[in-house]
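Chemist: Input file: structure.cif. Contents: mmCIF, C-alpha atoms.
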```cif
data_work
#
loop_
_atom_site.label_atom_id
_atom_site.label_comp_id
_atom_site.auth_asym_id
_atom_site.auth_seq_id
_atom_site.Cartn_x
_atom_site.Cartn_y
_atom_site.Cartn_z
CA MET A 1 -4.89 2.95 4.35
CA ALA A 2 -1.74 1.35 3.00
CA ALA A 3 -0.74 0.19 -0.46
CA TRP A 4 0.46 -3.40 -0.74
CA THR A 5 1.86 -5.36 -3.68
CA ASN A 6 3.04 -8.95 -3.58
CA TRP A 7 6.62 -9.93 -4.42
CA ALA A 8 5.79 -10.85 -8.00
CA GLY A 9 3.77 -7.70 -8.68
CA THR A 10 0.71 -9.75 -9.65
CA ALA A 11 -1.60 -8.68 -6.80
CA ASN A 12 -2.19 -5.50 -4.84
CA ALA A 13 -4.47 -3.86 -2.32
CA ASP A 14 -4.94 -0.37 -0.89
CA VAL A 15 -6.90 -0.96 2.31
CA PRO A 16 -6.79 -0.39 6.06
CA VAL A 17 -4.02 -2.35 7.75
CA ALA A 18 -3.74 -3.74 11.27
CA SER A 19 -0.69 -5.38 12.82
CA PRO A 20 -1.76 -7.52 15.80
CA ALA A 21 0.93 -8.53 18.28
CA ASN A 22 -0.92 -11.40 19.96
CA VAL A 23 -3.87 -13.75 19.57
CA ALA A 24 -6.18 -11.57 21.66
CA GLU A 25 -5.58 -8.63 19.33
CA ILE A 26 -6.39 -10.81 16.29
CA SER A 27 -9.66 -11.85 17.93
CA ALA A 28 -10.63 -8.27 18.70
CA LEU A 29 -9.78 -7.08 15.18
CA VAL A 30 -11.72 -9.90 13.52
CA ALA A 31 -14.77 -9.40 15.74
CA ALA A 32 -14.76 -5.65 15.09
CA ALA A 33 -14.50 -6.14 11.33
CA ALA A 34 -17.37 -8.61 11.43
CA GLU A 35 -19.55 -6.06 13.24
CA ARG A 36 -18.78 -3.51 10.52
CA GLY A 37 -19.49 -6.03 7.77
CA GLN A 38 -15.91 -5.66 6.57
CA ARG A 39 -13.91 -8.56 5.16
CA VAL A 40 -10.57 -9.59 6.70
CA LYS A 41 -7.51 -11.15 5.13
CA PRO A 42 -4.31 -12.17 6.94
CA LEU A 43 -1.10 -11.43 5.06
CA GLY A 44 2.08 -13.47 5.18
CA ALA A 45 5.21 -12.54 3.26
CA GLY A 46 3.43 -11.84 -0.03
CA HIS A 47 5.23 -14.62 -1.90
CA SER A 48 2.11 -16.08 -3.48
CA PHE A 49 1.80 -15.27 -7.18
CA THR A 50 -2.01 -15.26 -7.05
CA ASP A 51 -4.25 -12.67 -5.36
CA ILE A 52 -5.00 -15.11 -2.53
CA ALA A 53 -3.95 -12.49 0.06
CA ALA A 54 -5.67 -9.47 -1.52
CA THR A 55 -8.73 -7.94 0.11
CA ASP A 56 -11.17 -5.06 -0.15
CA GLY A 57 -11.55 -5.03 3.64
CA VAL A 58 -8.94 -5.06 6.40
CA GLN A 59 -5.51 -6.57 5.93
CA LEU A 60 -3.91 -8.23 8.95
CA ARG A 61 -0.14 -8.10 8.71
CA LEU A 62 1.31 -10.71 11.02
CA ASP A 63 4.96 -9.58 11.19
CA ARG A 64 4.64 -8.80 14.92
CA LEU A 65 3.13 -12.21 15.60
CA ALA A 66 6.43 -14.06 15.32
CA GLY A 67 8.62 -16.40 17.33
CA ILE A 68 8.61 -19.76 19.08
CA VAL A 69 6.02 -20.11 21.84
CA ARG A 70 7.28 -23.42 23.23
CA ALA A 71 9.53 -26.27 22.16
CA ASP A 72 10.00 -29.80 23.47
CA ARG A 73 13.33 -31.22 22.36
CA GLU A 74 12.38 -34.75 23.40
CA THR A 75 9.18 -34.99 21.38
CA GLY A 76 10.22 -32.52 18.68
CA LEU A 77 6.93 -30.63 19.02
CA VAL A 78 7.38 -26.90 18.48
CA THR A 79 4.61 -24.29 18.62
CA VAL A 80 5.28 -21.08 16.69
CA LEU A 81 3.34 -17.88 16.06
CA ALA A 82 1.76 -17.63 12.63
CA GLY A 83 3.83 -14.72 11.31
CA THR A 84 7.18 -16.41 11.93
CA ARG A 85 9.34 -16.35 8.80
CA LEU A 86 10.81 -19.69 7.83
CA ARG A 87 14.38 -18.35 7.75
CA ALA A 88 14.18 -17.14 11.34
CA LEU A 89 12.36 -20.30 12.43
CA ASN A 90 14.99 -22.59 10.95
CA GLU A 91 17.86 -20.77 12.64
CA SER A 92 16.01 -20.85 15.97
CA LEU A 93 15.27 -24.55 15.60
CA TRP A 94 18.93 -25.29 14.87
CA ARG A 95 19.97 -23.57 18.09
CA LEU A 96 17.52 -25.89 19.88
CA GLY A 97 19.04 -28.94 18.19
CA LEU A 98 16.02 -29.39 15.89
CA SER A 99 15.18 -29.24 12.17
CA MET A 100 12.08 -29.39 10.03
CA THR A 101 11.76 -32.66 8.13
CA ASN A 102 11.54 -31.02 4.72
CA LEU A 103 11.44 -27.52 3.29
CA GLY A 104 10.82 -25.71 0.05
CA ASP A 105 13.48 -23.87 -1.92
CA LEU A 106 12.64 -20.46 -0.42
CA ASP A 107 12.65 -19.49 3.24
CA LEU A 108 11.14 -15.99 3.09
CA GLN A 109 7.52 -17.07 3.67
CA THR A 110 5.69 -17.09 6.98
CA ILE A 111 4.88 -20.51 8.39
CA SER A 112 1.13 -19.85 8.19
CA GLY A 113 1.26 -18.64 4.60
CA ALA A 114 3.47 -21.53 3.55
CA ILE A 115 1.19 -24.23 4.89
CA SER A 116 -2.03 -22.49 3.84
CA THR A 117 -1.02 -22.47 0.17
CA GLY A 118 0.46 -25.98 0.11
CA THR A 119 4.17 -25.13 0.01
CA HIS A 120 6.32 -28.23 -0.43
CA GLY A 121 9.87 -29.30 -1.00
CA THR A 122 11.09 -32.39 -2.78
CA GLY A 123 11.62 -36.00 -1.74
CA ALA A 124 9.69 -39.16 -2.58
CA ARG A 125 9.27 -40.08 1.09
CA TYR A 126 8.37 -36.61 2.33
CA GLY A 127 5.14 -34.64 2.20
CA GLY A 128 4.61 -30.90 1.98
CA LEU A 129 5.13 -28.57 4.92
CA ALA A 130 1.52 -29.04 6.04
CA THR A 131 2.18 -32.74 6.76
CA GLN A 132 4.52 -31.62 9.55
CA VAL A 133 1.70 -29.74 11.31
CA ARG A 134 0.31 -31.40 14.44
CA ALA A 135 -2.06 -28.69 15.70
CA LEU A 136 -3.42 -25.26 14.78
CA GLU A 137 -5.07 -22.39 16.61
CA LEU A 138 -7.58 -20.55 14.43
CA VAL A 139 -9.31 -17.25 15.12
CA LEU A 140 -12.79 -17.71 13.69
CA ALA A 141 -15.17 -15.21 12.10
CA ASP A 142 -16.81 -14.37 15.45
CA GLY A 143 -13.44 -13.74 17.11
CA THR A 144 -13.37 -16.98 19.10
CA VAL A 145 -10.31 -19.23 19.05
CA LEU A 146 -10.57 -22.86 17.94
CA THR A 147 -7.87 -25.47 18.45
CA CYS A 148 -7.72 -28.40 16.07
CA ASP A 149 -5.58 -31.51 15.73
CA ALA A 150 -6.05 -35.14 14.70
CA GLU A 151 -8.32 -35.80 17.73
CA THR A 152 -9.85 -32.41 18.47
CA ASN A 153 -11.98 -31.01 15.64
CA PRO A 154 -10.40 -33.48 13.18
CA GLU A 155 -12.45 -32.31 10.18
CA VAL A 156 -11.27 -28.74 10.70
CA PHE A 157 -7.72 -30.05 10.99
CA ALA A 158 -8.06 -31.97 7.71
CA ALA A 159 -9.20 -28.78 6.02
CA ALA A 160 -7.18 -26.06 7.73
CA ARG A 161 -3.66 -27.40 7.22
CA VAL A 162 -4.01 -26.29 3.58
CA GLY A 163 -6.86 -23.89 4.22
CA LEU A 164 -6.18 -21.07 1.70
CA GLY A 165 -6.98 -18.53 4.42
CA ALA A 166 -10.65 -19.38 3.92
CA LEU A 167 -11.50 -20.76 7.36
CA GLY A 168 -10.03 -18.30 9.83
CA VAL A 169 -6.82 -16.56 10.83
CA ILE A 170 -4.11 -19.01 11.87
CA ALA A 171 -2.67 -17.79 15.17
CA THR A 172 -0.26 -20.59 16.11
CA VAL A 173 1.12 -23.67 14.38
CA THR A 174 2.47 -26.74 16.19
CA LEU A 175 5.07 -28.57 14.11
CA GLN A 176 6.59 -32.02 14.39
CA CYS A 177 10.31 -31.40 14.14
CA GLU A 178 13.21 -33.83 14.47
CA PRO A 179 16.82 -33.81 15.68
CA ALA A 180 18.92 -31.36 13.72
CA TYR A 181 20.52 -32.92 10.64
CA ALA A 182 22.83 -31.95 7.81
CA LEU A 183 22.55 -32.67 4.11
CA ALA A 184 25.18 -33.60 1.56
CA ALA A 185 24.38 -31.66 -1.60
CA ALA A 186 25.50 -32.87 -5.01
CA GLU A 187 24.67 -30.61 -7.95
CA ALA A 188 25.65 -31.48 -11.51
CA PRO A 189 24.69 -30.77 -15.12
CA ALA A 190 23.14 -33.58 -17.16
CA SER A 191 21.06 -34.18 -20.26
CA LEU A 192 17.28 -34.11 -20.12
CA GLU A 193 17.00 -37.48 -21.86
CA ASP A 194 19.37 -39.17 -19.40
CA VAL A 195 17.52 -37.73 -16.40
CA LEU A 196 14.11 -38.78 -17.72
CA ALA A 197 15.40 -42.26 -18.58
CA GLU A 198 16.61 -42.74 -14.98
CA LEU A 199 13.95 -40.64 -13.29
CA GLU A 200 12.39 -43.23 -10.99
CA ALA A 201 15.79 -44.46 -9.81
CA ASN A 202 16.85 -40.89 -9.05
CA VAL A 203 13.62 -40.07 -7.23
CA ILE A 204 13.58 -43.13 -4.96
CA GLY A 205 17.36 -43.40 -4.65
CA ASN A 206 17.86 -39.99 -3.03
CA ASP A 207 16.32 -38.35 0.00
CA HIS A 208 15.63 -35.19 -2.00
CA PHE A 209 15.97 -35.08 -5.79
CA GLU A 210 15.06 -32.28 -8.17
CA PHE A 211 16.20 -30.89 -11.49
CA TYR A 212 15.98 -27.74 -13.60
CA TRP A 213 15.53 -28.01 -17.36
CA PHE A 214 16.63 -25.11 -19.54
CA PRO A 215 13.98 -24.69 -22.29
CA HIS A 216 15.16 -24.82 -25.93
CA THR A 217 18.17 -26.90 -24.82
CA PRO A 218 18.71 -30.57 -23.94
CA ARG A 219 20.43 -29.65 -20.68
CA VAL A 220 19.40 -29.78 -17.02
CA LEU A 221 20.90 -29.13 -13.61
CA THR A 222 20.32 -31.95 -11.12
CA LYS A 223 20.26 -31.57 -7.34
CA ARG A 224 20.62 -34.55 -5.02
CA ASN A 225 20.42 -33.82 -1.29
CA ASN A 226 20.96 -36.70 1.11
CA ARG A 227 21.13 -36.93 4.87
CA VAL A 228 24.49 -37.59 6.46
CA LEU A 229 25.18 -39.50 9.66
CA PRO A 230 24.98 -37.51 12.93
CA GLY A 231 28.36 -36.08 13.78
CA THR A 232 29.49 -35.69 10.17
CA GLY A 233 31.48 -32.50 9.83
CA LEU A 234 30.01 -29.66 7.83
CA ARG A 235 31.72 -28.62 4.62
CA PRO A 236 29.75 -25.60 3.39
CA LEU A 237 30.45 -23.68 0.22
CA GLY A 238 33.23 -21.17 0.60
CA PRO A 239 32.24 -17.49 0.61
CA PHE A 240 33.64 -16.84 -2.87
CA ARG A 241 31.99 -19.88 -4.49
CA HIS A 242 28.71 -19.02 -2.79
CA TRP A 243 28.90 -15.42 -4.05
CA LEU A 244 29.96 -16.45 -7.55
CA ASP A 245 27.33 -19.15 -8.10
CA ASP A 246 24.37 -18.01 -6.03
CA ASP A 247 24.63 -14.23 -6.17
CA LEU A 248 26.59 -13.11 -9.22
CA LEU A 249 25.71 -15.82 -11.78
CA ALA A 250 22.32 -17.07 -10.56
CA ASN A 251 20.89 -13.63 -9.82
CA ARG A 252 22.76 -10.57 -11.11
CA VAL A 253 24.09 -11.96 -14.38
CA PHE A 254 20.91 -13.98 -14.93
CA ASP A 255 18.74 -10.89 -14.46
CA GLY A 256 20.90 -8.94 -16.89
CA LEU A 257 20.59 -11.68 -19.50
CA ASN A 258 16.81 -11.71 -19.11
CA ARG A 259 16.64 -7.94 -19.51
CA LEU A 260 18.63 -8.32 -22.73
CA THR A 261 16.50 -11.16 -24.11
CA THR A 262 13.29 -9.32 -23.24
CA ARG A 263 14.34 -6.79 -25.87
CA ARG A 264 15.66 -9.50 -28.22
CA PRO A 265 13.66 -12.73 -27.61
CA ALA A 266 15.26 -14.52 -30.57
CA MET A 267 18.44 -14.73 -28.48
CA ILE A 268 16.80 -16.82 -25.74
CA PRO A 269 17.73 -20.31 -27.04
CA ARG A 270 21.39 -19.33 -27.40
CA VAL A 271 21.44 -17.60 -24.01
CA ASN A 272 19.83 -20.63 -22.35
CA GLY A 273 22.45 -22.85 -23.92
CA LEU A 274 25.21 -20.58 -22.63
CA ALA A 275 23.69 -20.38 -19.14
CA SER A 276 23.33 -24.16 -18.89
CA ARG A 277 26.97 -24.66 -19.92
CA LEU A 278 28.18 -22.22 -17.27
CA LEU A 279 26.87 -24.57 -14.57
CA THR A 280 29.50 -26.81 -13.04
CA ALA A 281 29.28 -29.62 -10.53
CA ARG A 282 29.61 -28.80 -6.85
CA ASP A 283 29.37 -30.80 -3.64
CA TYR A 284 29.06 -29.56 -0.08
CA ILE A 285 27.63 -30.45 3.34
CA ASP A 286 25.70 -27.95 5.41
CA ARG A 287 22.82 -27.49 7.81
CA SER A 288 19.68 -28.93 6.21
CA HIS A 289 17.80 -25.63 5.99
CA ARG A 290 20.75 -23.91 4.34
CA VAL A 291 20.91 -26.60 1.68
CA PHE A 292 17.16 -26.56 1.00
CA ALA A 293 16.80 -22.79 0.57
CA SER A 294 18.14 -20.76 -2.36
CA MET A 295 18.53 -17.02 -2.80
CA ARG A 296 16.22 -15.58 -5.49
CA THR A 297 16.34 -11.92 -6.50
CA VAL A 298 15.32 -12.21 -10.17
CA ARG A 299 11.62 -11.32 -10.48
CA PHE A 300 9.46 -13.79 -12.35
CA ARG A 301 5.96 -15.23 -12.67
CA GLU A 302 5.37 -18.87 -11.82
CA MET A 303 2.85 -21.64 -12.44
CA GLU A 304 3.29 -25.03 -10.77
CA TYR A 305 1.25 -28.17 -11.29
CA ALA A 306 1.22 -31.37 -9.28
CA VAL A 307 0.78 -34.40 -11.54
CA PRO A 308 0.95 -38.13 -10.81
CA ARG A 309 4.62 -39.04 -10.47
CA ALA A 310 4.46 -41.40 -13.45
CA ALA A 311 3.19 -38.55 -15.65
CA VAL A 312 6.16 -36.19 -15.14
CA ALA A 313 8.28 -37.33 -18.09
CA GLY A 314 5.36 -37.23 -20.50
CA ALA A 315 4.31 -33.76 -19.34
CA LEU A 316 7.83 -32.42 -19.86
CA ARG A 317 8.00 -33.86 -23.35
CA GLU A 318 4.65 -32.22 -24.16
CA ILE A 319 5.97 -28.87 -22.90
CA GLU A 320 9.08 -29.36 -25.03
CA ARG A 321 6.89 -30.07 -28.09
CA TYR A 322 4.75 -27.01 -27.40
CA LEU A 323 7.80 -24.73 -27.20
CA ALA A 324 9.27 -26.17 -30.39
CA GLY A 325 6.03 -25.75 -32.33
CA SER A 326 4.64 -22.51 -30.95
CA GLY A 327 7.58 -20.17 -31.30
CA GLU A 328 7.20 -19.21 -27.62
CA GLN A 329 10.57 -18.22 -26.12
CA VAL A 330 11.20 -18.95 -22.44
CA GLY A 331 14.33 -17.80 -20.68
CA LEU A 332 13.76 -19.29 -17.21
CA PRO A 333 14.19 -22.96 -16.23
CA VAL A 334 11.46 -25.51 -15.60
CA GLU A 335 11.78 -26.86 -12.05
CA VAL A 336 10.78 -30.46 -11.30
CA ARG A 337 10.29 -31.81 -7.76
CA PHE A 338 8.54 -34.70 -6.03
CA ALA A 339 6.48 -35.38 -2.89
CA ALA A 340 4.80 -38.24 -1.08
CA ALA A 341 1.04 -38.71 -0.97
CA ASP A 342 -0.87 -37.34 2.02
CA GLU A 343 -4.45 -37.15 3.35
CA ILE A 344 -4.88 -33.37 3.66
CA TRP A 345 -8.05 -32.43 1.79
CA LEU A 346 -6.76 -29.63 -0.45
CA SER A 347 -3.14 -30.74 -0.61
CA THR A 348 -1.95 -31.04 -4.20
CA ALA A 349 -0.48 -34.43 -3.20
CA HIS A 350 -3.77 -35.69 -1.76
CA GLN A 351 -3.87 -39.50 -2.03
CA ARG A 352 -1.15 -39.75 -4.67
CA ASP A 353 2.62 -39.64 -4.98
CA SER A 354 3.23 -36.50 -6.99
CA GLY A 355 5.67 -34.80 -9.28
CA TYR A 356 5.68 -31.01 -9.50
CA VAL A 357 6.37 -29.19 -12.74
CA ALA A 358 6.96 -25.47 -12.21
CA VAL A 359 7.27 -23.13 -15.18
CA HIS A 360 8.48 -19.56 -15.02
CA GLN A 361 8.51 -16.46 -17.16
CA TYR A 362 10.54 -13.29 -16.60
CA HIS A 363 8.39 -10.57 -15.05
CA ARG A 364 8.89 -8.17 -17.95
CA ARG A 365 7.44 -10.67 -20.47
CA ASP A 366 3.92 -11.96 -21.09
CA HIS A 367 3.45 -15.26 -19.27
CA ASP A 368 -0.16 -16.00 -20.27
CA PRO A 369 0.31 -17.95 -23.55
CA TYR A 370 2.96 -20.24 -22.05
CA PHE A 371 1.06 -20.79 -18.81
CA HIS A 372 -2.25 -21.51 -20.55
CA ALA A 373 -0.53 -24.14 -22.69
CA VAL A 374 1.17 -25.79 -19.72
CA GLU A 375 -2.09 -25.82 -17.77
CA GLU A 376 -3.82 -27.71 -20.58
CA ILE A 377 -0.99 -30.25 -20.64
CA ALA A 378 -1.20 -30.71 -16.87
CA LYS A 379 -5.00 -30.94 -16.83
CA ASP A 380 -4.85 -33.79 -19.33
CA VAL A 381 -3.00 -35.93 -16.75
CA GLY A 382 -5.09 -34.90 -13.73
CA GLY A 383 -2.88 -32.03 -12.64
CA ARG A 384 -3.65 -29.87 -9.61
CA PRO A 385 -2.39 -26.25 -9.51
CA HIS A 386 -0.37 -24.89 -6.62
CA TRP A 387 -2.76 -22.65 -4.67
CA GLY A 388 -0.23 -19.82 -4.38
CA LYS A 389 0.94 -19.79 -7.99
CA ILE A 390 -0.68 -18.56 -11.18
CA HIS A 391 -3.41 -20.75 -12.66
CA TYR A 392 -6.72 -20.27 -14.43
CA ARG A 393 -8.92 -22.93 -12.80
CA ASP A 394 -12.27 -22.35 -11.09
CA ALA A 395 -14.33 -24.19 -8.50
CA ALA A 396 -16.18 -26.36 -11.01
CA SER A 397 -12.90 -27.56 -12.50
CA LEU A 398 -11.14 -28.02 -9.17
CA ARG A 399 -13.99 -30.02 -7.62
CA GLU A 400 -13.14 -32.82 -10.07
CA ALA A 401 -9.53 -32.84 -8.89
CA TYR A 402 -10.14 -33.18 -5.14
CA PRO A 403 -12.18 -36.04 -3.63
CA ASN A 404 -12.84 -34.01 -0.45
CA PHE A 405 -13.58 -30.68 -2.14
CA ASP A 406 -17.18 -30.59 -0.92
CA ASP A 407 -16.09 -31.68 2.57
CA PHE A 408 -13.82 -28.63 2.66
CA LEU A 409 -16.70 -26.40 1.57
CA ALA A 410 -18.89 -27.84 4.33
CA VAL A 411 -16.28 -26.89 6.94
CA ARG A 412 -16.05 -23.43 5.41
CA ASP A 413 -19.82 -23.02 5.53
CA LYS A 414 -19.77 -23.94 9.20
CA LEU A 415 -16.86 -21.71 10.24
CA ASP A 416 -17.38 -18.72 7.95
CA PRO A 417 -20.92 -18.68 6.53
CA GLN A 418 -20.76 -14.92 5.90
CA ARG A 419 -17.42 -15.22 4.02
CA LEU A 420 -15.66 -12.77 6.31
CA PHE A 421 -12.35 -14.27 5.10
CA GLY A 422 -13.39 -14.35 1.45
CA ASN A 423 -11.98 -12.48 -1.53
CA ASP A 424 -12.16 -12.66 -5.31
CA TYR A 425 -9.60 -15.46 -5.54
CA LEU A 426 -11.48 -17.67 -3.09
CA THR A 427 -14.75 -17.00 -4.89
CA ARG A 428 -13.13 -18.24 -8.09
CA VAL A 429 -11.49 -21.39 -6.72
CA LEU A 430 -14.05 -22.36 -4.04
CA GLY A 431 -17.27 -20.76 -5.28
CA SER A 432 -19.42 -18.31 -3.41
#
```
Have the structure of the file written as structure tokens, please.
Modeler:
Amino acid sequence: MAAWTNWAGTANADVPVASPANVAEISALVAAAAERGQRVKPLGAGHSFTDIAATDGVQLRLDRLAGIVRADRETGLVTVLAGTRLRALNESLWRLGLSMTNLGDLDLQTISGAISTGTHGTGARYGGLATQVRALELVLADGTVLTCDAETNPEVFAAARVGLGALGVIATVTLQCEPAYALAAAEAPASLEDVLAELEANVIGNDHFEFYWFPHTPRVLTKRNNRVLPGTGLRPLGPFRHWLDDDLLANRVFDGLNRLTTRRPAMIPRVNGLASRLLTARDYIDRSHRVFASMRTVRFREMEYAVPRAAVAGALREIERYLAGSGEQVGLPVEVRFAAADEIWLSTAHQRDSGYVAVHQYHRRDHDPYFHAVEEIAKDVGGRPHWGKIHYRDAASLREAYPNFDDFLAVRDKLDPQRLFGNDYLTRVLGS
């Protein structure tokens, strides 16, 4: 038995743990658990805020199942083991002269956990990480291994790329990568009204655009990341500027301020105003994965909703009105990103260009009132919750949001009729 808690402290388990080192060991462990009538749940890095990885059965920790299996520089196809952390994967890809097309703003997750929960980055022309997947190997409930891609078992492929861990244990992931590229990053403070007034131009005029709004203030931080021509020299942040901005101010000082305002919430608007004014413009050029990923050590809770891109500005104004009228004090920024439509059944960007509104609350404060209010705002415009972040939806509600919801359930019924890979979270969001 081993105790496990996720990064955010919102889920835990105290169950038997197995650490398979290869696909054959996964198959044997799954088959043995099935014979005992014991449920199985693979575990990535524990960076989901929900209890999607919790289990009352056997937990499969995939840390030993890591690394690149094969890579073809000409085609860009790279097959990796499911437990490979994104940070290690990106550095290995760079040494091979390759990069992933888009990434989220954290690189601590495993590749299998990231795609299974619908992790995404930002960029109007780019889909989530799962859109870069070209094939999967799944260990099924009877211990057999199934390969799926666009031609082989296409319905499983449509479901399993964002599969919530409900269909089987992902053993390997084949990714479509591209020649290594660098990004020019331009970060600058701005006003919320100016950003919303020019939102569409910013979204379509940059490869990767996002912004952070500081609640109770009119101020935001904008981030524009654009590809540079091959051969452009790198100009990364200097060690001191990196430490000052990304370690001292963004993490240590920020955590200290949130500890203070947890005791004295009335200070939050003034502290947010101060924090937003401390931000200064900066420009640099670095390897793409180093620009995409940020260091986060401040503990928080997070809810993120995908809404139609045209609904982003209205949703933010509704959140602003709620905060002004409710007396709720929020010390962490609201993050806004964008993604292209895709055809993956349970992708939050399924069949629509999407904007993502992510709200946060410091881990020492109650997040429920704020998150419930934001969820109602997002639901009113057809919002879909991120599968790995806090939300309160159930299967009946989610069925309305996904045209292929019942198709996904049919694949689940076929691959795991006994719900070997089930848990309480999956019962809530998919039904029994």
Chemist: Once the PyMOL selection byres ((chain A and resi 397) around 12) has been evaluated on this model, what residues remain selected, and can you format them as an NGL selection string?
Modeler: :A and (379 or 382-385 or 391-396 or 398-402 or 405 or 428-431)
Chemist: Could you expand the PyMOL selection byres ((chain A and resi 161) around 12) into the explicit residues it covers here, written as a PyMOL selection string?
Modeler: chain A and resi 111-119+128-138+148-150+154-160+162-170+172-175+342-347+408
Chemist: So that all listed atoms of region 390-406 of chain A fit with 4 Å spare on each side, what axis-aligned box centre and edge lengths in Å, to one decimal, would you give as JSON?
Modeler:
```
{"center_x": -8.9, "center_y": -27.3, "center_z": -7.4, "size_x": 24.5, "size_y": 25.5, "size_z": 22.0}
```
Chemist: I'd like the residues picked by the PyMOL selection byres ((chain A and resi 271) around 12) written out as a PyMOL selection string, using the chain letters and numbers from the file.
Modeler: chain A and resi 214-217+253-262+264-270+272-278+329-333
Chemist: Hey, can you check how far CA of Leu420 (chain A) sits from CA of Val145 (chain A)?
Modeler: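 So the two atoms, CA of Leu420 (chain A) and CA of Val145 (chain A), lie 15.3 Å apart.
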Chemist: If I take CA of Arg263 (chain A) and CA of Glu320 (chain A), how far is one from the other in Å, to one decimal?
Modeler: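 Spanning CA of Arg263 (chain A) to CA of Glu320 (chain A) is a straight-line distance of 23.2 Å.
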Chemist: Please determine the residues with any atom at most 9 Å from (7.5, -27.5, 15.4) (coordinates as given in the file, with all atoms listed in the file counting) and report them as a PyMOL selection string.
Modeler: chain A and resi 68+70-72+76-80+93+98-100+132-134+173-178
Chemist: Using all atoms listed in the file, which residue out of A:Leu96, A:Leu316, A:Thr122, A:Tyr356 lies closest to Glu74 (chain A)?
Modeler: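 Nearest to Glu74 (chain A): A:Leu96.
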Chemist: Do you know which residues are at most 6 Å from Ala340 (chain A) counting only C-alpha atoms, after dropping those on the same chain fewer than 6 positions away, and could you put them as a list in words?
Modeler: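 Everything that qualifies: Ala124, Arg125, Tyr126, Gly127 and Asp353 of chain A.
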Chemist: Convert the current residue selection to file output with C-alpha atoms, as a compact mmCIF listing (two decimals), keeping the file's coordinate frame.
Modeler:
```txt
# COMPACT_ATOMS: atom_id res chain seq x y z
CA ALA A 124 9.69 -39.16 -2.58
CA ARG A 125 9.27 -40.08 1.09
CA TYR A 126 8.37 -36.61 2.33
CA GLY A 127 5.14 -34.64 2.20
CA ASP A 353 2.62 -39.64 -4.98
```
Chemist: Pick out the closest residue to Arg282 (chain A) from this set: A:Gly37, A:Pro189, A:Gly314, A:Gly325. Count all atoms listed in the file.
Modeler: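 Looking at the shortest contact to Arg282 (chain A), the residue is A:Pro189.
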Chemist: Take the point (-9.2, -7.4, 19.3) in the file's coordinates, draw a sphere of radius 12 Å around it, and report as number ranges by chain every protein, DNA or RNA residue with an atom inside or on it, counting only C-alpha atoms.
Modeler: A: 18-34, 60, 139, 142-145
Chemist: Just write the chosen residues, C-alpha atoms, as a PDB file, in the coordinates of the input.
Modeler:
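result_14.pdb, freshly written:
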```
ATOM      1  CA  ALA A  18      -3.740  -3.740  11.270  1.00  0.00           C
ATOM      2  CA  SER A  19      -0.690  -5.380  12.820  1.00  0.00           C
ATOM      3  CA  PRO A  20      -1.760  -7.520  15.800  1.00  0.00           C
ATOM      4  CA  ALA A  21       0.930  -8.530  18.280  1.00  0.00           C
ATOM      5  CA  ASN A  22      -0.920 -11.400  19.960  1.00  0.00           C
ATOM      6  CA  VAL A  23      -3.870 -13.750  19.570  1.00  0.00           C
ATOM      7  CA  ALA A  24      -6.180 -11.570  21.660  1.00  0.00           C
ATOM      8  CA  GLU A  25      -5.580  -8.630  19.330  1.00  0.00           C
ATOM      9  CA  ILE A  26      -6.390 -10.810  16.290  1.00  0.00           C
ATOM     10  CA  SER A  27      -9.660 -11.850  17.930  1.00  0.00           C
ATOM     11  CA  ALA A  28     -10.630  -8.270  18.700  1.00  0.00           C
ATOM     12  CA  LEU A  29      -9.780  -7.080  15.180  1.00  0.00           C
ATOM     13  CA  VAL A  30     -11.720  -9.900  13.520  1.00  0.00           C
ATOM     14  CA  ALA A  31     -14.770  -9.400  15.740  1.00  0.00           C
ATOM     15  CA  ALA A  32     -14.760  -5.650  15.090  1.00  0.00           C
ATOM     16  CA  ALA A  33     -14.500  -6.140  11.330  1.00  0.00           C
ATOM     17  CA  ALA A  34     -17.370  -8.610  11.430  1.00  0.00           C
ATOM     18  CA  LEU A  60      -3.910  -8.230   8.950  1.00  0.00           C
ATOM     19  CA  VAL A 139      -9.310 -17.250  15.120  1.00  0.00           C
ATOM     20  CA  ASP A 142     -16.810 -14.370  15.450  1.00  0.00           C
ATOM     21  CA  GLY A 143     -13.440 -13.740  17.110  1.00  0.00           C
ATOM     22  CA  THR A 144     -13.370 -16.980  19.100  1.00  0.00           C
ATOM     23  CA  VAL A 145     -10.310 -19.230  19.050  1.00  0.00           C
TER      24      VAL A 145
END
```
